[in-house]
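Down below is the structure, laid out as structure tokens.
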Amino acid sequence: MSQIFHRSTNLISRLTIFGGIFFLAALSYALYAIELSPYYTYVDLARQQPVPFSHKHHVGELGLDCRYCHTSVDQSSFAGLPPTQTCMTCHSQIWTNAPMLEPVRASYRDDKSLSWTRVNSVPQFVYFDHSIHVSKGIGCTTCHGPIAEMPLTWRAQTLYMEFCLNCHRQPEKYVRPKDEVFNPRYEPPPNQMELGEQLVKEYKIQKLTNCSTCHR
Amino acid sequence: MSSDSNPKYPNSVDLDAARANLAQSEGKRLWQSLDELSETQEYHKFLEHEFPNDTAKEPEAAGINRRDALKLMAASAAMAGLSACTKMPLEKIVPYVKPPEEIIPGKALFYATSMSLGGVATGVLVESHMGRPTKIEGNPEHPGSLGGTSAQTQASILNLYDPDRSQTVLFLGRIDTWSGFVAAIANIRTQLGTKGEGLRVLTETVTSPTLGAQMKNLLTQYPEAKWHQYEPCGRDNERDGARMAFGKPVNAVYHFDKADVVVSLDSDFLNSGPGHVRYARDFAGRRGLEGPQPTLNRLYVAESMPTGTGAVADHRRPIRATEVETLAQQLAAAVGAGGGKAANSNVPADWTSAVARDLTSHRGSSIVIAGEGQPAEVHALAHAMNSALGNFGKTVTFTDALEADPVNQTDSLRELVGELNAGKVGILLIIGANPVYNAPADLDFKTAITKAELRIHSGLYTDETAQYCHWHVPATHYLESWSDARGYDGTIGIVQPLIAPLYDSHSVHEIIAALSGVQDKSDHDILRDYWKSQRPEKDKAFEDFWEVTLHDGVMAGTALPGISVSAKADFASQSASRQTADPNALEIVFRPDPSVGDGRFANNGWLQEVPKPITRLAWDNAAMVSPKTAQKLGVSRGDYVKIELSGRETKAGTWIVPGHADDSITLHLGYGRWLAGKIGSGPGFNAYPLRTTAAPWQATGVRISKTGNDYSFASVQHQYPIDRDHQETEQESTEAFRRDLVRIATLDEFRKNPDFAKSPEEEATAGLSLYPGFKYNGYAWGMAIDLNKCVGCNACVVACQSENNIAVVGKDQVERGRSMHWIRIDTYFRGDLETPEMYFEPLPCMQCENAPCEYVCPVGATTHSPEGLNEMTYNRCVGTRYCSNNCPYKVRRFNFYLFSDWTTKSLYGLRNPNVTVRSRGVMEKCTYCVQRINAAKIRSEEENRSVHDGEIVTACQGACPANAIVFGNINDPNSRVAKLKAQSRDYRLLTELNTRPRTSYLARVQNPNPEIRES
């Protein structure tokens, strides 16, 4: 009996087998890439907000301190989002008729909160505490990125567990002097490792990597 | 009644086999349940399997075939993979417009307020997260609390968020408004004219000075109106006993911290009644055995149904409730307190005389206390004994009555019913009370109430009584309202709201004000104006006083002054001439349920699910009898019986309680409600139909007959037994094994051998391991639980549930061994079935240093922290349950279903934001309140110091009225916990497994009277 398939079909079967391996590898890579892509992590995606608030303008150009608005960042787990009243301390005096600020004025007038879209968040089973990080010399920009350059705010880091552990394992790589914590334009010095190790000792920074530090 | 063809709980226990089993053991054997002694199948199932009911069955048992199972498996495998790919949802974040004062988002605030039960207030501090109360703690400033709480206080926060609360004003069952009601009241006022004829107000016990003044004002306005008070488990007998002894209804305050000998005549003073939280603390303070010459007080308890107080007694005598009076007379005669008579009694005379001798040798430092369930005569006799023993002014002091109007409430209700039936009542305003459900049966309140022309009800729920009323006004929860109330010693506690009323609710003050013609005055203004008029401080001084009072939650220095009373000469002999009941007649005893009380907490899932002390029943009451009586009556456990008493009847399931008095049936009140809400309507049996004004607490002449049906109960007593399967040698008997779990000695034995709780073998092998141990360089958290102090009140269990967002699973799941409590109170019995000693052992996670659970987790969801905690990481857990299987202490709990309520909106506010609300399929367990540990560590690090001893208080520790639980850093030799662990009584469970638990126990030391030889 003659063979059913022509010899050339061997090529097809070989291609299918090897191609399958490549296909699976490519698929895994694609999934991995998606997982790390801004589509999935929201990193570098500026969010539309009810008012196009610019950190670049307020922080970078006017030089407002982070704590002017995020008042509880050094006292509580939650950094705090400014109440409308805080906006109105200035905007009842300047730009009082700017149409862009109408939602803010409306909020103040009607006693109705502004509803912002959250930019930085961690999953609900993660209990992150701002105050301890701030008081141990971890600067705002370490997690929140170049905030003074953001016209609309975007997420600068994935805030994945890997990201957290990077620093929790080697805080000396990221720690900065306490008086630089709120400096939005801080650049780590060339001798960061040296300075970092000194600060870790000075600030009694523990390398906490056990689960209940964040999960409970 | 169970229609289940396959009852999940084995009903019958073989009492004869149990007795034979006990007789075999040498000495006194420690045992947990009748199931264990009679070796039921169910017991073995729970002993040998961690998950005995593990067939993946829906609660209502839908049949699943193999094909469906495969489909589900495939689907769940696919879903499980996909779930990891969830994209984080976009969230909104909403700031305040104007920030409220004091609130820092993410930080809890604590406010002082007071919770009243039976009119008597206990001070509490309430944790508030951004305006929503989440957790209740005791108020250390309040003399009735000193920081402790009860289970009911802990659970009361659940009532605030209860979705079944009534939410709107109702008129004839239709939604109406408060302004509509106020208009109706104005209309009523015109009808009432100047005299107020036909107006009747029915409240529960009122100790609030403000409400008292309002009522007085109302009655002055309407001289023909009347104020009635009724509460089914009030203090009538106590008041009448005081009237009998002293001629006026004074309030007795006991000082257990000064008492060396305490005799309780059917009084569960450690777990119920005014001041019980404080009493537990004072009493336990004498059981700590600290110092070089440790001493103990001594407690005698005579009671029918075993209670927490009975369990901690040095001598407990089970006697029928109707016989306590005879005992009281004999005891009174023996201590020289009046003319008792030598009636026949089941209590041996030498027992009574030994107790009397002990009392007389402790003049001025003893207490005789009578339970509310005992008639006024017993209370009077107790007063006479305290007087004769010179205890007045020392261990027992007196104040004026706490109540604004201390009437006999049964008489008060009877009078009201009489007038209702005579058609004299035009307008009946019922505030808080629920007489349709809980009035004595002979008054037939249900019929009487319909005779009132207009009926108004105010309460938290549209309950049984609300259904009989034209108007219903939702009442504010105490966490939503302004008020005041007196504590057990008269101290005025302020009730202040933690949150604005969630619904269209109004407080009693506002309703009474409206009725007095004062409209639109808030309860805050009413309260403040009242105190402004009463206090000597004026203007600025008053403002300061008010601020301090609101801050502290108590009005400083308002404890009622002690008054000296003298016993009337002849009452003791008067009572002696009373007819006493036939000492062998079958009696029925009514007592408030230890969890749901008189029924007011029936719709509270936490209190329904918490296993009751001793019986460890959840979700039910039962006709409880002793083993002997069960055999005599021919009933076995789980028999659904008919109970008849003077022409009235009710039906109930039978439960056999070791240590219950013979010829006595105890039926707890508070169950069998029909309009309590989704949770409270249904469970249990209604005892009120048998209760009459003549015999509100106990009655003889009861008949019991089988209906032929079974009733299936949910008791956790046979669940989670710590077994000895791991024992390699079978030489060690069960008895010896149990003795290792609960270590007990008498005071004499302890003095001779303070190290009785240590075993030389254990000491020698402690810490031996082939592997290097963990090093704990910083903090090392540990806990010490003093078994000598625990009174088994369940406050810790409910506090844990509240703090850690623990779900309620329902009766069906409890029966299957799936209740979720992170701490359980193991209860052991020692000795025979009739008069066993009882031992409580609270069991949280042991936080082992060599934790068996950690080694077996395939996904690293349970891990060891550098501070010695066994951490449970929910988001990693895939639900293999290996950890639970490997836990010798059986403290891990698995979410077989989505037990947490994720859909009911009103419950969102209840949750502790610092603890994950668990989902289906994850394991959970006690964390030592790691959220509190972390918060304290963060605080201390920010202040550049280390955590102070006592800075971290776990939820169970904070709630404990007896200070039995102490938590802290065992690496600090000066910490309280380290010092307790250094005591010679310290021991650990299952040391032979080398788990090295961080939770250790202080052994129980009893102080029996050497003159009494218990059988």
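If you're wondering about the labels, chains in the structure tokens are A, B, ... by order shown, residues count from 1 in each chain, ligands from 1 in order shown.
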Original post:
Leaving out Ser54 of chain A and any residue of its chain fewer than 4 positions from it, which residues lie within 7 Å of it when counting only C-alpha atoms, given as number ranges by chain?
Top reply: A: 58, 150-152
Write out as a tab-separated table the residues of chain B that have any atom within 8 Å of an atom of chain A, one row each with the nearest atom pair and its distance in Å to one decimal, counting only C-alpha atoms, sorted by chain and then rising number.
residue	atom	partner	partner_atom	distance
B:Lys87	CA	A:Tyr40	CA	6.1
B:Met88	CA	A:Pro123	CA	7.6
B:Leu90	CA	A:Arg118	CA	6.8
B:Glu91	CA	A:Arg118	CA	5.3
B:Lys92	CA	A:Thr117	CA	4.6
B:Ile93	CA	A:Trp116	CA	5.2
B:Val94	CA	A:Ser115	CA	4.8
B:Pro95	CA	A:Pro83	CA	5.2
B:Tyr96	CA	A:Pro83	CA	4.7
B:Val97	CA	A:Thr84	CA	4.6
B:Lys98	CA	A:Gln85	CA	5.4
B:Pro99	CA	A:Pro83	CA	6.2
B:Ile104	CA	A:Ser72	CA	6.5
B:Pro105	CA	A:Phe78	CA	6.2
B:Gly106	CA	A:Phe78	CA	5.4
B:Lys107	CA	A:Ser76	CA	6.1
B:Thr863	CA	A:Cys211	CA	7.5
B:His864	CA	A:Asn210	CA	7.7
B:Ser865	CA	A:Asn210	CA	5.7
B:Pro866	CA	A:Asn210	CA	7.5
B:Glu871	CA	A:Ser212	CA	6.0
B:Met872	CA	A:Arg216	CA	7.1
B:Thr873	CA	A:His215	CA	6.1
B:Tyr874	CA	A:Arg216	CA	7.4
B:Asn875	CA	A:Phe125	CA	6.9
B:Asn914	CA	A:Tyr127	CA	7.4
B:Val915	CA	A:Arg216	CA	5.9
B:Thr916	CA	A:Phe125	CA	6.0
B:Val930	CA	A:Arg216	CA	7.1
B:Gln931	CA	A:Arg216	CA	6.9
B:Asn934	CA	A:Thr213	CA	7.2
B:Ile938	CA	A:Ile132	CA	6.0
B:Glu941	CA	A:Ile132	CA	7.6
B:Glu942	CA	A:Ser135	CA	6.2
Original post:
What's the 12 Å shell around Arg739 of chain B, counting only C-alpha atoms, without same-chain residues fewer than 6 positions away, as a VMD selection string?
Top reply: chain B and resid 27 to 31 732 to 733 745 756 to 759 828 to 830 839 987 989 to 990 1003 to 1004
Any chance you can output those residues with N, CA and C atoms as a compact mmCIF listing (two decimals), in the first residue's frame?
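To be explicit, this is the file written out as result.txt:
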# COMPACT_ATOMS: atom_id res chain seq x y z
N GLY B 27 -9.65 7.34 90.28
CA GLY B 27 -9.70 8.73 90.71
C GLY B 27 -10.74 9.49 89.91
N LYS B 28 -10.57 10.78 89.87
CA LYS B 28 -11.54 11.60 89.16
C LYS B 28 -11.08 11.80 87.74
N ARG B 29 -11.90 11.38 86.80
CA ARG B 29 -11.52 11.50 85.42
C ARG B 29 -12.00 12.84 84.85
N LEU B 30 -11.18 13.42 84.01
CA LEU B 30 -11.60 14.63 83.31
C LEU B 30 -12.24 14.23 81.99
N TRP B 31 -13.40 14.77 81.73
CA TRP B 31 -14.05 14.43 80.48
C TRP B 31 -14.76 15.65 79.95
N GLU B 732 0.01 5.55 78.07
CA GLU B 732 -0.58 6.67 78.79
C GLU B 732 -2.10 6.62 78.62
N SER B 733 -2.77 6.66 79.69
CA SER B 733 -4.21 6.54 79.62
C SER B 733 -4.82 7.87 79.22
N ALA B 745 -5.05 21.66 91.09
CA ALA B 745 -4.61 21.27 92.44
C ALA B 745 -5.46 22.02 93.45
N PHE B 756 3.39 21.90 91.01
CA PHE B 756 2.56 20.74 90.65
C PHE B 756 2.23 20.70 89.17
N ALA B 757 2.19 21.88 88.55
CA ALA B 757 1.80 21.91 87.14
C ALA B 757 2.95 21.55 86.21
N LYS B 758 4.13 21.47 86.77
CA LYS B 758 5.29 21.14 85.93
C LYS B 758 5.49 19.63 85.96
N SER B 759 5.90 19.08 84.85
CA SER B 759 6.28 17.68 84.92
C SER B 759 7.78 17.61 84.64
N TYR B 828 -14.36 21.33 80.53
CA TYR B 828 -14.10 19.96 80.98
C TYR B 828 -14.89 19.70 82.26
N PHE B 829 -15.24 18.46 82.45
CA PHE B 829 -15.89 18.04 83.69
C PHE B 829 -14.95 17.08 84.39
N ARG B 830 -15.04 17.03 85.70
CA ARG B 830 -14.25 16.04 86.43
C ARG B 830 -15.14 15.39 87.48
N TYR B 839 -14.46 22.92 84.48
CA TYR B 839 -13.26 23.71 84.21
C TYR B 839 -13.35 24.37 82.85
N TYR B 987 1.96 26.31 82.61
CA TYR B 987 2.20 25.09 81.84
C TYR B 987 1.69 25.27 80.42
N LEU B 989 0.26 23.26 76.69
CA LEU B 989 -0.49 22.09 76.25
C LEU B 989 0.34 21.27 75.28
N LEU B 990 0.24 19.96 75.41
CA LEU B 990 0.87 19.02 74.48
C LEU B 990 2.37 19.29 74.30
N ALA B 1003 -2.19 27.11 85.92
CA ALA B 1003 -3.03 25.99 86.36
C ALA B 1003 -4.08 26.45 87.36
N ARG B 1004 -5.14 25.69 87.40
CA ARG B 1004 -6.25 26.01 88.29
C ARG B 1004 -5.93 25.51 89.70
Subject >> Straight-line distance linking atom CA of Pro184 of chain A with atom CA of Asp65 of chain A, stated in Å to one decimal >> reply: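 According to the coordinates, atom CA of Pro184 of chain A and atom CA of Asp65 of chain A are separated by 8.9 Å.
The coordinates place atom CA of Arg751 of chain B at 8.9 Å from atom CA of Gln293 of chain B.
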Original post:
Taking into account only C-alpha atoms, which residue in the set B:Thr629, B:Gln32, B:Ser681, B:Thr903 is nearest to Glu837 of chain B?
Top reply: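 Closest candidate: B:Gln32.
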Near-Ser705 of chain B list (8 Å; only C-alpha atoms; drop same-chain fewer than 5 positions) as an mmCIF file with C-alpha atoms, in the first residue's frame:
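selection_12.cif, written as the output of this step:
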data_model
loop_
_atom_site.group_PDB
_atom_site.id
_atom_site.type_symbol
_atom_site.label_atom_id
_atom_site.label_comp_id
_atom_site.auth_asym_id
_atom_site.auth_seq_id
_atom_site.Cartn_x
_atom_site.Cartn_y
_atom_site.Cartn_z
ATOM 1 C CA VAL B 641 -41.089 16.805 74.676
ATOM 2 C CA LYS B 642 -44.281 18.493 75.736
ATOM 3 C CA ILE B 643 -44.044 20.371 78.990
#
Subject >> Who sits within 12 Å of Leu195 of chain A, only C-alpha atoms, same chain under 6 positions skipped, as a ChimeraX atom specification >> reply: /A:137,171-177,188-189,201-203
Original post:
For Val201 of chain B, which residue among B:Val797, B:Arg743, B:Ile431, B:Lys394 is the nearest when counting only C-alpha atoms?
Top reply: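 Smallest distance to Val201 of chain B is found for B:Ile431.
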**OP:** Within 12 Å of Leu64 of chain A, counting only C-alpha atoms, which residues show up once you throw out same-chain ones fewer than 5 positions away? Write them as number ranges by chain, please.
**Re:** A: 54-59, 69-70, 90, 147-148, 182-184
